[in-house]
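K.L.:
Have a look at this one.
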Amino acid sequence: MVEHSDGDGLRSSEVTEGTDRAPHRAMFRAMGFDDEDLSAPMIGVANPAADVTPCNVHLDEVGAETVDAIEASGGMPIEFGTITISDAISMGTEGMKASLISREVIADSVELVAFGEYVDGLVTLGGCDKNMPGMMMAMIRADLPGVFLYGGSIKPGEHDGRAITIQNVFEGVGSVASGDMSEDELDEMERQACPGAGACGGMFTANTMASIAEALGFSPLGAASAPAEDPERDAVAREAGELALDAVADGRSPSDFLTRESFENAIALQVAIGGSTNAVLHLLALAAEAGIDLSIGDFDTISDRTPKIANFQPGGERVMNDLHEVGGVPVVLGALRDADLLHAEALTVTGETLGEALDRIDPPAIESLDADYLRPVDDPFRTTGAITILEGSLAPEGSVLKVTASDVDTVHEGPARVFEHEENAMQYVQDDRVESGDVIVIRNEGPRGGPGMREMLGVTSAVAGQGHADDVALITDGRFSGATRGLSIGHVAPEAAVGGPIGLLEDGDIVTVDVGERRLDLDVSEAELERRREAFEPPAQQYEGGVLRKYGDLFDSAANGAVTNPGAKSE
């Protein structure tokens with residue numbers, strides 16, 4: 001327990017101390033706070049609990065554990081809400097345009113409360129994909145002592161004797177369209193895939209970002225993997241509340257522990273576990289908010305030296321709960337540290353270095369585990385990591401691929417099938433018109449062109465469900481889900497809406513994807529491209545006003561994290 005006698009030195013004393021603050025204290029007393037509370041550190045608990053997604057439906061209970069722990073540790077918890085968008089439910093609809101915007105709204109709203117209410121510290125909760133980066137962006141901006149707390153992942157469902165997740169249901173849609181699965185079987189899968197609360201179970205975006213929070217130092221080691229509906233999640237929530245008070249007492253803020261080395265650790269973990277491509281976007285945004293120099297090319301550099309040692313969905317069959325059973329994220333971090341692939345001296349929110357925290361926890365060595373989804377660094381699934389950055393004439397500022405196939409030197413050449421939006425491409429796939437060798441190009445889905453940079457799990461899953469995961473390429477200036485597998489290349493920059501080469505493609509142009517050479521090129525002469533540039537007219541904004549127009553106008557390039565904070569934009 002942290003001792004606090006008179007509130008001296010606390011930021012919250014601005015609204016709790018002095019004769020002229022009697023009206024302010026009266027407002028607090030209306031909410032049940034007393035003199036002891038008003039002299040204690042005020043900890044804001046940002047909670048996006050909502051009934052719009054199973055990822056967040058249980059966060060009231062998780063938040064209650066944190067609130068109780070703050071009170072028991074001598075703090076004054078102030079819980080407040082913010083939004084969330086269900087990526088899975090909005091997937092494949094116009095509503096998915098709200099997803100990336102929600103990251104920005106979450107960051108803005110939590111920053112505003114921290115600024116306006118003079119809290120001394122923060123515990124921020126996250127469940128669905130954009131909660132995690134949004135909360136951590138807010139913590140960086142506020143630069144207050146605090147902890148990020150993940151709500152945990154869903155337990156897998158079971159169908160036909162095997163574990164399944166939402167990924168299997170999305171891919172089942174494509175299997176039904178191609179006649180390889182009956183509608184009755186898909187109906188059975190639908191009813192079994194999501195048995196309760198928690199984020200999607202594979203190493204998709206939510207679990208990737210929760211794991212990364214440990215590597216960055218925003219969460220204590222071991223915090224990411226406990227399932228949502230497990231008593232251990234309550235223990236993690238209580239630890240977060242206690243740790244927030246410790247951080248306030250010691251004055252530990254994100255600017256005290258976030259460094260370039262922290263971000264290199266996060267990338268190393270991402271590529272070692274086969275994490276979501278969305279983490280590229282979010283880590284770039286977090287680094288921009290923190291004023292730390294990080295480029296999209298750094299992901300390729302770190303991936304080249306870091307082997308992929310874990311095999312989870314979407315590339316494999318295992319889920320986050322499997323990792324939890326053998327020791328969680330620290331098992332992977334420990335293996336990377338022992339191979340000198342981590343900066344062990346990087347600080348964390350606990351006040352320890354990452355190396356000191358690993359020594360204290362002493363996670364088991366991968367070699368000692370009976371876990372076919374984990375391999376030692378010297379005998380990996382792949383000698384390089386799962387994230388590859390492709391550049392070239394089609395993506396001068398880069399694009400992102402998660403390699404889940406065994407062949408790291410894949411070369412795919414084929415004719416472009418160009419679609420202006422996701423819906424048109426999905427219809428093409430659902431009509432069973434996809435041919436081996438196709439390069440499906442979906443454009444005007446970037447941060448500005450979408451606006452909002454939609455994820456397109458529906459299209460990629462339907463293609464995979466029809467048996468084309470390995471012989472068809474998909475390319476977009478939007479995003480692919482963390483559950484995507486196959487040759488799916490997203491974040492193409494510059495995007496079509498600002499005149500990027502992807503906007504100049506025409507049906508039938510030959511596109512080459514060369515994974516080994518890190519290239520994404522189109523076989524069109526420079527003279528022809530120049531002719532097309534001169535004739536190019538950017539598409540009209542779809543929205544005349546409202547939040548989609550506002551954030552669509554503000555988004556920076558995906559190559560810089562698609563941030564909207566003017567102070568965070570980097571060239």
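Residue numbering restarts at 1 for every chain of the structure tokens, chains are lettered A, B, ... in their displayed order, and ligands are numbered from 1 as they appear.
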Against region 248-255 of chain A, which residues of region 19-137 of chain A fall within 10 Å? For each one I want the closest pair of atoms and the distance in Å (one decimal), counting only C-alpha atoms, rows by chain and increasing residue number, as a Markdown table.

P.N.:
```
| residue | atom | partner | partner_atom | distance |
| --- | --- | --- | --- | --- |
| A:Pro41 | CA | A:Val248 | CA | 7.6 |
| A:Met42 | CA | A:Val248 | CA | 9.5 |
| A:Ile43 | CA | A:Val248 | CA | 8.9 |
| A:Gly75 | CA | A:Val248 | CA | 10.0 |
| A:Asp120 | CA | A:Val248 | CA | 6.8 |
| A:Gly121 | CA | A:Val248 | CA | 6.2 |
| A:Leu122 | CA | A:Val248 | CA | 9.1 |
| A:Met136 | CA | A:Pro254 | CA | 9.2 |
```

K.L.:
Just want the 7 Å neighbourhood of Ile475 (chain A), counted on only C-alpha atoms, with same-chain residues fewer than 4 positions away dropped. Output as a list of chain:residue names.

P.N.:
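Neighbouring residues, sequence-local ones excluded: A:Ile440, A:Val441, A:Ile442, A:Ser488, A:Ile489, A:Gly490.
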
K.L.:
Once you have the residues from the selection above, write them out as a PDB file, in the first residue's frame, restricted to all heavy atoms.

P.N.:
```pdb
ATOM      1  N   ILE A 440      -5.672  -9.593 -56.906  1.00  0.00           N
ATOM      2  CA  ILE A 440      -6.864  -8.801 -56.588  1.00  0.00           C
ATOM      3  C   ILE A 440      -6.416  -7.506 -55.908  1.00  0.00           C
ATOM      4  O   ILE A 440      -5.776  -7.537 -54.854  1.00  0.00           O
ATOM      5  CB  ILE A 440      -7.821  -9.593 -55.683  1.00  0.00           C
ATOM      6  CG1 ILE A 440      -8.326 -10.842 -56.423  1.00  0.00           C
ATOM      7  CG2 ILE A 440      -8.993  -8.719 -55.231  1.00  0.00           C
ATOM      8  CD1 ILE A 440      -9.161 -11.761 -55.567  1.00  0.00           C
ATOM      9  N   VAL A 441      -6.726  -6.389 -56.516  1.00  0.00           N
ATOM     10  CA  VAL A 441      -6.309  -5.080 -56.023  1.00  0.00           C
ATOM     11  C   VAL A 441      -7.538  -4.318 -55.548  1.00  0.00           C
ATOM     12  O   VAL A 441      -8.478  -4.091 -56.322  1.00  0.00           O
ATOM     13  CB  VAL A 441      -5.571  -4.273 -57.119  1.00  0.00           C
ATOM     14  CG1 VAL A 441      -5.191  -2.887 -56.593  1.00  0.00           C
ATOM     15  CG2 VAL A 441      -4.338  -5.028 -57.596  1.00  0.00           C
ATOM     16  N   ILE A 442      -7.536  -3.941 -54.287  1.00  0.00           N
ATOM     17  CA  ILE A 442      -8.654  -3.178 -53.708  1.00  0.00           C
ATOM     18  C   ILE A 442      -8.103  -1.822 -53.289  1.00  0.00           C
ATOM     19  O   ILE A 442      -7.255  -1.731 -52.397  1.00  0.00           O
ATOM     20  CB  ILE A 442      -9.259  -3.903 -52.499  1.00  0.00           C
ATOM     21  CG1 ILE A 442      -9.614  -5.346 -52.860  1.00  0.00           C
ATOM     22  CG2 ILE A 442     -10.496  -3.158 -52.002  1.00  0.00           C
ATOM     23  CD1 ILE A 442     -10.038  -6.190 -51.673  1.00  0.00           C
ATOM     24  N   SER A 488      -1.382 -11.669 -48.712  1.00  0.00           N
ATOM     25  CA  SER A 488      -2.244 -10.495 -48.565  1.00  0.00           C
ATOM     26  C   SER A 488      -1.389  -9.312 -48.141  1.00  0.00           C
ATOM     27  O   SER A 488      -0.820  -9.298 -47.041  1.00  0.00           O
ATOM     28  CB  SER A 488      -3.333 -10.767 -47.524  1.00  0.00           C
ATOM     29  OG  SER A 488      -4.129 -11.879 -47.911  1.00  0.00           O
ATOM     30  N   ILE A 489      -1.302  -8.325 -49.001  1.00  0.00           N
ATOM     31  CA  ILE A 489      -0.388  -7.203 -48.817  1.00  0.00           C
ATOM     32  C   ILE A 489      -1.208  -5.939 -48.607  1.00  0.00           C
ATOM     33  O   ILE A 489      -1.970  -5.519 -49.493  1.00  0.00           O
ATOM     34  CB  ILE A 489       0.532  -7.056 -50.042  1.00  0.00           C
ATOM     35  CG1 ILE A 489       1.335  -8.347 -50.247  1.00  0.00           C
ATOM     36  CG2 ILE A 489       1.461  -5.859 -49.886  1.00  0.00           C
ATOM     37  CD1 ILE A 489       1.879  -8.491 -51.633  1.00  0.00           C
ATOM     38  N   GLY A 490      -1.083  -5.332 -47.442  1.00  0.00           N
ATOM     39  CA  GLY A 490      -1.848  -4.143 -47.108  1.00  0.00           C
ATOM     40  C   GLY A 490      -0.970  -2.935 -46.859  1.00  0.00           C
ATOM     41  O   GLY A 490       0.256  -2.985 -46.983  1.00  0.00           O
TER      42      GLY A 490
END
```

K.L.:
Could you list, as a ChimeraX atom specification, every residue within 9 Å of Ile366 (chain A), counting only C-alpha atoms and ignoring same-chain residues fewer than 3 positions away?

P.N.:
/A:331-332,334-335,363,369-371,374-377

K.L.:
Now that the selection is made, can you save its residues with all heavy atoms as a PDB file, in the first residue's frame?

P.N.:
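again_7.pdb, written as the output of this step:
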```
ATOM      1  N   VAL A 331       7.545 -16.373 -21.885  1.00  0.00           N
ATOM      2  CA  VAL A 331       8.270 -17.521 -22.445  1.00  0.00           C
ATOM      3  C   VAL A 331       8.967 -17.115 -23.738  1.00  0.00           C
ATOM      4  O   VAL A 331      10.141 -17.442 -23.967  1.00  0.00           O
ATOM      5  CB  VAL A 331       7.313 -18.701 -22.689  1.00  0.00           C
ATOM      6  CG1 VAL A 331       8.007 -19.813 -23.464  1.00  0.00           C
ATOM      7  CG2 VAL A 331       6.772 -19.233 -21.374  1.00  0.00           C
ATOM      8  N   VAL A 332       8.252 -16.393 -24.589  1.00  0.00           N
ATOM      9  CA  VAL A 332       8.827 -15.955 -25.866  1.00  0.00           C
ATOM     10  C   VAL A 332       9.864 -14.858 -25.630  1.00  0.00           C
ATOM     11  O   VAL A 332      10.960 -14.880 -26.204  1.00  0.00           O
ATOM     12  CB  VAL A 332       7.725 -15.463 -26.820  1.00  0.00           C
ATOM     13  CG1 VAL A 332       8.322 -15.013 -28.149  1.00  0.00           C
ATOM     14  CG2 VAL A 332       6.685 -16.552 -27.040  1.00  0.00           C
ATOM     15  N   GLY A 334      11.645 -14.390 -23.012  1.00  0.00           N
ATOM     16  CA  GLY A 334      12.824 -15.002 -22.410  1.00  0.00           C
ATOM     17  C   GLY A 334      13.708 -15.671 -23.445  1.00  0.00           C
ATOM     18  O   GLY A 334      14.942 -15.559 -23.400  1.00  0.00           O
ATOM     19  N   ALA A 335      13.089 -16.360 -24.399  1.00  0.00           N
ATOM     20  CA  ALA A 335      13.859 -17.014 -25.456  1.00  0.00           C
ATOM     21  C   ALA A 335      14.593 -15.988 -26.311  1.00  0.00           C
ATOM     22  O   ALA A 335      15.759 -16.192 -26.684  1.00  0.00           O
ATOM     23  CB  ALA A 335      12.933 -17.872 -26.318  1.00  0.00           C
ATOM     24  N   PRO A 363      10.671 -17.437 -16.625  1.00  0.00           N
ATOM     25  CA  PRO A 363       9.785 -18.282 -17.441  1.00  0.00           C
ATOM     26  C   PRO A 363      10.503 -19.547 -17.895  1.00  0.00           C
ATOM     27  O   PRO A 363      11.729 -19.563 -18.031  1.00  0.00           O
ATOM     28  CB  PRO A 363       9.448 -17.387 -18.637  1.00  0.00           C
ATOM     29  CG  PRO A 363      10.606 -16.435 -18.737  1.00  0.00           C
ATOM     30  CD  PRO A 363      11.036 -16.190 -17.321  1.00  0.00           C
ATOM     31  N   LEU A 369       9.484 -27.406 -22.765  1.00  0.00           N
ATOM     32  CA  LEU A 369       8.032 -27.483 -22.865  1.00  0.00           C
ATOM     33  C   LEU A 369       7.598 -28.537 -23.882  1.00  0.00           C
ATOM     34  O   LEU A 369       8.263 -28.751 -24.893  1.00  0.00           O
ATOM     35  CB  LEU A 369       7.463 -26.121 -23.289  1.00  0.00           C
ATOM     36  CG  LEU A 369       7.724 -24.950 -22.339  1.00  0.00           C
ATOM     37  CD1 LEU A 369       7.266 -23.658 -22.978  1.00  0.00           C
ATOM     38  CD2 LEU A 369       7.043 -25.170 -20.999  1.00  0.00           C
ATOM     39  N   ASP A 370       6.472 -29.136 -23.618  1.00  0.00           N
ATOM     40  CA  ASP A 370       5.850 -30.042 -24.584  1.00  0.00           C
ATOM     41  C   ASP A 370       4.816 -29.234 -25.359  1.00  0.00           C
ATOM     42  O   ASP A 370       3.607 -29.345 -25.143  1.00  0.00           O
ATOM     43  CB  ASP A 370       5.201 -31.222 -23.861  1.00  0.00           C
ATOM     44  CG  ASP A 370       4.565 -32.219 -24.836  1.00  0.00           C
ATOM     45  OD1 ASP A 370       4.933 -32.183 -26.028  1.00  0.00           O
ATOM     46  OD2 ASP A 370       3.698 -32.998 -24.403  1.00  0.00           O
ATOM     47  N   ALA A 371       5.320 -28.373 -26.252  1.00  0.00           N
ATOM     48  CA  ALA A 371       4.453 -27.439 -26.974  1.00  0.00           C
ATOM     49  C   ALA A 371       4.897 -27.399 -28.430  1.00  0.00           C
ATOM     50  O   ALA A 371       5.911 -26.762 -28.752  1.00  0.00           O
ATOM     51  CB  ALA A 371       4.530 -26.048 -26.348  1.00  0.00           C
ATOM     52  N   LEU A 374       5.637 -23.950 -30.240  1.00  0.00           N
ATOM     53  CA  LEU A 374       6.778 -23.122 -29.863  1.00  0.00           C
ATOM     54  C   LEU A 374       8.057 -23.865 -30.194  1.00  0.00           C
ATOM     55  O   LEU A 374       8.166 -25.070 -29.954  1.00  0.00           O
ATOM     56  CB  LEU A 374       6.745 -22.792 -28.370  1.00  0.00           C
ATOM     57  CG  LEU A 374       5.577 -21.961 -27.851  1.00  0.00           C
ATOM     58  CD1 LEU A 374       5.619 -21.883 -26.336  1.00  0.00           C
ATOM     59  CD2 LEU A 374       5.594 -20.559 -28.454  1.00  0.00           C
ATOM     60  N   ARG A 375       9.021 -23.137 -30.732  1.00  0.00           N
ATOM     61  CA  ARG A 375      10.310 -23.744 -31.053  1.00  0.00           C
ATOM     62  C   ARG A 375      11.440 -22.870 -30.538  1.00  0.00           C
ATOM     63  O   ARG A 375      11.307 -21.640 -30.453  1.00  0.00           O
ATOM     64  CB  ARG A 375      10.462 -23.920 -32.568  1.00  0.00           C
ATOM     65  CG  ARG A 375       9.642 -25.049 -33.151  1.00  0.00           C
ATOM     66  CD  ARG A 375       9.996 -25.244 -34.618  1.00  0.00           C
ATOM     67  NE  ARG A 375       9.179 -26.274 -35.245  1.00  0.00           N
ATOM     68  CZ  ARG A 375       9.186 -26.532 -36.542  1.00  0.00           C
ATOM     69  NH1 ARG A 375       9.978 -25.833 -37.348  1.00  0.00           N
ATOM     70  NH2 ARG A 375       8.420 -27.477 -37.039  1.00  0.00           N
ATOM     71  N   PRO A 376      12.574 -23.478 -30.222  1.00  0.00           N
ATOM     72  CA  PRO A 376      13.732 -22.693 -29.785  1.00  0.00           C
ATOM     73  C   PRO A 376      14.218 -21.767 -30.894  1.00  0.00           C
ATOM     74  O   PRO A 376      13.968 -22.001 -32.086  1.00  0.00           O
ATOM     75  CB  PRO A 376      14.784 -23.771 -29.461  1.00  0.00           C
ATOM     76  CG  PRO A 376      14.027 -25.038 -29.336  1.00  0.00           C
ATOM     77  CD  PRO A 376      12.830 -24.922 -30.215  1.00  0.00           C
ATOM     78  N   VAL A 377      14.937 -20.742 -30.495  1.00  0.00           N
ATOM     79  CA  VAL A 377      15.459 -19.777 -31.451  1.00  0.00           C
ATOM     80  C   VAL A 377      16.368 -20.449 -32.476  1.00  0.00           C
ATOM     81  O   VAL A 377      16.395 -20.059 -33.644  1.00  0.00           O
ATOM     82  CB  VAL A 377      16.205 -18.645 -30.712  1.00  0.00           C
ATOM     83  CG1 VAL A 377      16.972 -17.758 -31.684  1.00  0.00           C
ATOM     84  CG2 VAL A 377      15.216 -17.799 -29.912  1.00  0.00           C
TER      85      VAL A 377
END
```

K.L.:
Among region 11-105 of chain A, which residues carry a DSSP assignment of alpha helix (DSSP H), reported as a ChimeraX atom specification?

P.N.:
/A:13-16,22-30,35-38,59-72,87-90,97-105

K.L.:
For Phe257 (chain A), which of A:Thr350, A:Gln192, A:Asn311, A:Ser557 is the closest residue, counting only C-alpha atoms?

P.N.:
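Selected residue with least distance to Phe257 (chain A): A:Thr350.
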
K.L.:
Tell me which protein, DNA and RNA residues are within 12 Å of Ile140 (chain A), counting only C-alpha atoms, leaving out same-chain ones fewer than 5 positions away, and put them as a PyMOL selection string.

P.N.:
chain A and resi 107-108+110-111+114+121-122+124+133-135+145-148+216+218+253-259+285-292+568

K.L.:
Measuring atom to atom with only C-alpha atoms, identify which of A:Gly92, A:Asp300, A:Val563, A:Leu520 is nearest to Gln427 (chain A).

P.N.:
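Nearest candidate to Gln427 (chain A) out of A:Gly92, A:Asp300, A:Val563, A:Leu520: A:Gly92.
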
K.L.:
With distances taken over only C-alpha atoms, which of A:Thr82, A:Ser99, A:Thr53, A:Ser182 is nearest to Ala197 (chain A)?

P.N.:
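Ranking A:Thr82, A:Ser99, A:Thr53, A:Ser182 by distance to Ala197 (chain A), first place goes to A:Thr53.
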
K.L.:
Pick from A:Gly126, A:Gly44, A:Pro451, A:Gly81: nearest to Leu144 (chain A), with only C-alpha atoms counted?

P.N.:
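Of A:Gly126, A:Gly44, A:Pro451, A:Gly81, the one nearest Leu144 (chain A), counting only C-alpha atoms, is A:Gly44.
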
K.L.:
Output as a VMD selection string all residues of region 279-509 of chain A that backbone DSSP marks as strand (DSSP E or B).

P.N.:
chain A and resid 308 310 312 318 347 353 374 382 387 to 392 395 to 402 411 to 419 439 to 442 455 473 to 476 479 488 to 493

K.L.:
Just give me the gap between CA of Glu71 (chain A) and CA of Arg29 (chain A) in Å, one decimal is fine.

P.N.:
15.9 Å

K.L.:
Pick out the closest residue to Gly452 (chain A) from this set: A:Arg141, A:His491, A:Arg417, A:Lys308. Count only C-alpha atoms.

P.N.:
A:His491

K.L.:
Which polymer residues have any atom within 8 Å of an atom of Ala493 (chain A), counting only C-alpha atoms, with same-chain residues fewer than 3 positions away left out, as a PDB file with N, CA and C atoms, in the first residue's frame?

P.N.:
```
ATOM      1  N   ALA A 395       4.557   0.421 -54.529  1.00  0.00           N
ATOM      2  CA  ALA A 395       4.504   0.857 -53.134  1.00  0.00           C
ATOM      3  C   ALA A 395       5.787   1.602 -52.770  1.00  0.00           C
ATOM      4  N   PRO A 396       5.983   2.810 -53.298  1.00  0.00           N
ATOM      5  CA  PRO A 396       7.226   3.538 -53.040  1.00  0.00           C
ATOM      6  C   PRO A 396       7.485   3.815 -51.559  1.00  0.00           C
ATOM      7  N   GLU A 397       6.408   3.964 -50.759  1.00  0.00           N
ATOM      8  CA  GLU A 397       6.576   4.214 -49.324  1.00  0.00           C
ATOM      9  C   GLU A 397       6.384   2.954 -48.496  1.00  0.00           C
ATOM     10  N   GLY A 398       6.238   1.805 -49.167  1.00  0.00           N
ATOM     11  CA  GLY A 398       6.162   0.545 -48.451  1.00  0.00           C
ATOM     12  C   GLY A 398       4.775  -0.060 -48.408  1.00  0.00           C
ATOM     13  N   SER A 399       4.752  -1.352 -48.093  1.00  0.00           N
ATOM     14  CA  SER A 399       3.528  -2.108 -47.873  1.00  0.00           C
ATOM     15  C   SER A 399       3.875  -3.237 -46.921  1.00  0.00           C
ATOM     16  N   ASP A 477      -4.607  -0.614 -50.366  1.00  0.00           N
ATOM     17  CA  ASP A 477      -4.106   0.512 -49.573  1.00  0.00           C
ATOM     18  C   ASP A 477      -4.871   0.604 -48.254  1.00  0.00           C
ATOM     19  N   GLY A 500      -1.175   7.830 -55.306  1.00  0.00           N
ATOM     20  CA  GLY A 500      -0.191   6.760 -55.287  1.00  0.00           C
ATOM     21  C   GLY A 500      -0.320   5.856 -56.495  1.00  0.00           C
ATOM     22  N   SER A 557      -0.311   9.410 -43.689  1.00  0.00           N
ATOM     23  CA  SER A 557      -0.050   8.195 -44.458  1.00  0.00           C
ATOM     24  C   SER A 557       0.066   6.978 -43.558  1.00  0.00           C
ATOM     25  N   ALA A 558      -0.326   5.824 -44.082  1.00  0.00           N
ATOM     26  CA  ALA A 558      -0.142   4.574 -43.353  1.00  0.00           C
ATOM     27  C   ALA A 558       1.331   4.324 -43.064  1.00  0.00           C
ATOM     28  N   ALA A 559       2.218   4.830 -43.907  1.00  0.00           N
ATOM     29  CA  ALA A 559       3.654   4.654 -43.689  1.00  0.00           C
ATOM     30  C   ALA A 559       4.125   5.360 -42.429  1.00  0.00           C
TER      31      ALA A 559
END
```

K.L.:
List the spatial neighbours of Leu100 (chain A) as a ChimeraX atom specification - criterion: any atom at most 9 Å away, only C-alpha atoms, same-chain residues fewer than 6 positions off excluded.

P.N.:
/A:130,447,452-454,562
